[in-house]
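Q: Right, I'll just put the structure down here and ask away after.
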Amino acid sequence: YVFCVLISLALSIATTAQAFGDKSNVYWYAQRQWRGLTVTQEITYQRDNRCCNFIQLSPCCRFASGSGECVNTMVCFETVEQHLTDQFMIIASTSLIQSIYLFIVFLLSVVFCKFLDRWPNFIENLNGNNKTNSNNMIQSDAYVGNDIANGIPGHIEFDKNDADYF
């Protein structure tokens, strides 16, 4: 589980870095999209958004019908730049939030694994399953020292909570 969270954390950090990198490369992204347009799509976009050229040339002036005013005064990149910057900022922000969340999950899972490694019987003790086998009873307080084989009398204590205790 921790390994999967670690992989997810690494991927989210890479996504965050990519998103912030793309935010600074809006021009190249937009230019790649512009070059993918057909001539008809390009003319339609320029007419609908009142722009001319992408960015390589200065904006051309198209006159509105019946007036001597210039309809478009900006290049087409200016119409999409802010929109693309906002979109990349949304992507970068959500990836950053996801990275922070996964970092916290990773830390908590590592702490939990270390906790369980240190106290492996914690969950059993928490549920009230204090089952002890005979080896544990001999090593615990039930046997203080009875070395009759060596001729030394000892003292035996029994667990009073045991079901067999009279």
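As shown in the structure tokens, the chain order sets the letters A, B, ...; within each chain, residues go from 1, and ligands are also counted from 1 in the order they appear.
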I'd like the neighbourhood of Ile55 in chain A as a list in words, where a residue qualifies if any of its atoms comes within 8 Å (using only C-alpha atoms), though same-chain residues fewer than 4 positions away should be ignored.

A: Val75, Cys76 and Phe77 of chain A

Q: Keeping only C-alpha atoms, write those residues as a JSON list (two decimals), in the first residue's frame.

A:
[["chain", "number", "residue", "atom", "x", "y", "z"],
["A", 75, "VAL", "CA", -3.35, 39.13, -33.11],
["A", 76, "CYS", "CA", -5.15, 35.83, -32.49],
["A", 77, "PHE", "CA", -2.70, 34.70, -29.82]]

Q: Find the distance between CA of Phe103 in chain A and CA of Pro120 in chain A and write it in Å to one decimal.

A: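 Here the two named atoms are 24.8 Å from each other.
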
Q: Mind pulling up the distance from CA of Thr38 in chain A to CA of Val26 in chain A?

A: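 Between these atoms lies a distance of 20.7 Å.
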
Q: Compare A:Asn49, A:Ser8, A:Phe54, A:Thr94 by their minimum atom-to-atom distance to Leu37 in chain A, counting only C-alpha atoms, and give me the closest one.

A: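 Among the listed residues, the smallest separation from Leu37 in chain A belongs to A:Phe54.
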
Q: Excluding Lys23 in chain A and residues on its chain fewer than 3 positions from it, collect all residues at most 6 Å away from it, counting only C-alpha atoms, and give them as a list of chain:residue names.

A: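 Counting only the stated atoms, we get A:Phe20, A:Val26, A:Thr85, A:Phe88.
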
Q: Can you tell me how far CA of Thr15 in chain A sits from CA of Lys114 in chain A, in Å to one decimal?

A: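 It comes out at 29.0 Å.
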
Q: Taking 3 positions as the minimum chain separation for residues in the same chain, which residues sit within 12 Å of Ile91 in chain A when counting only C-alpha atoms? Answer as a PyMOL selection string.

A: chain A and resi 12+15-23+84-88+94-98
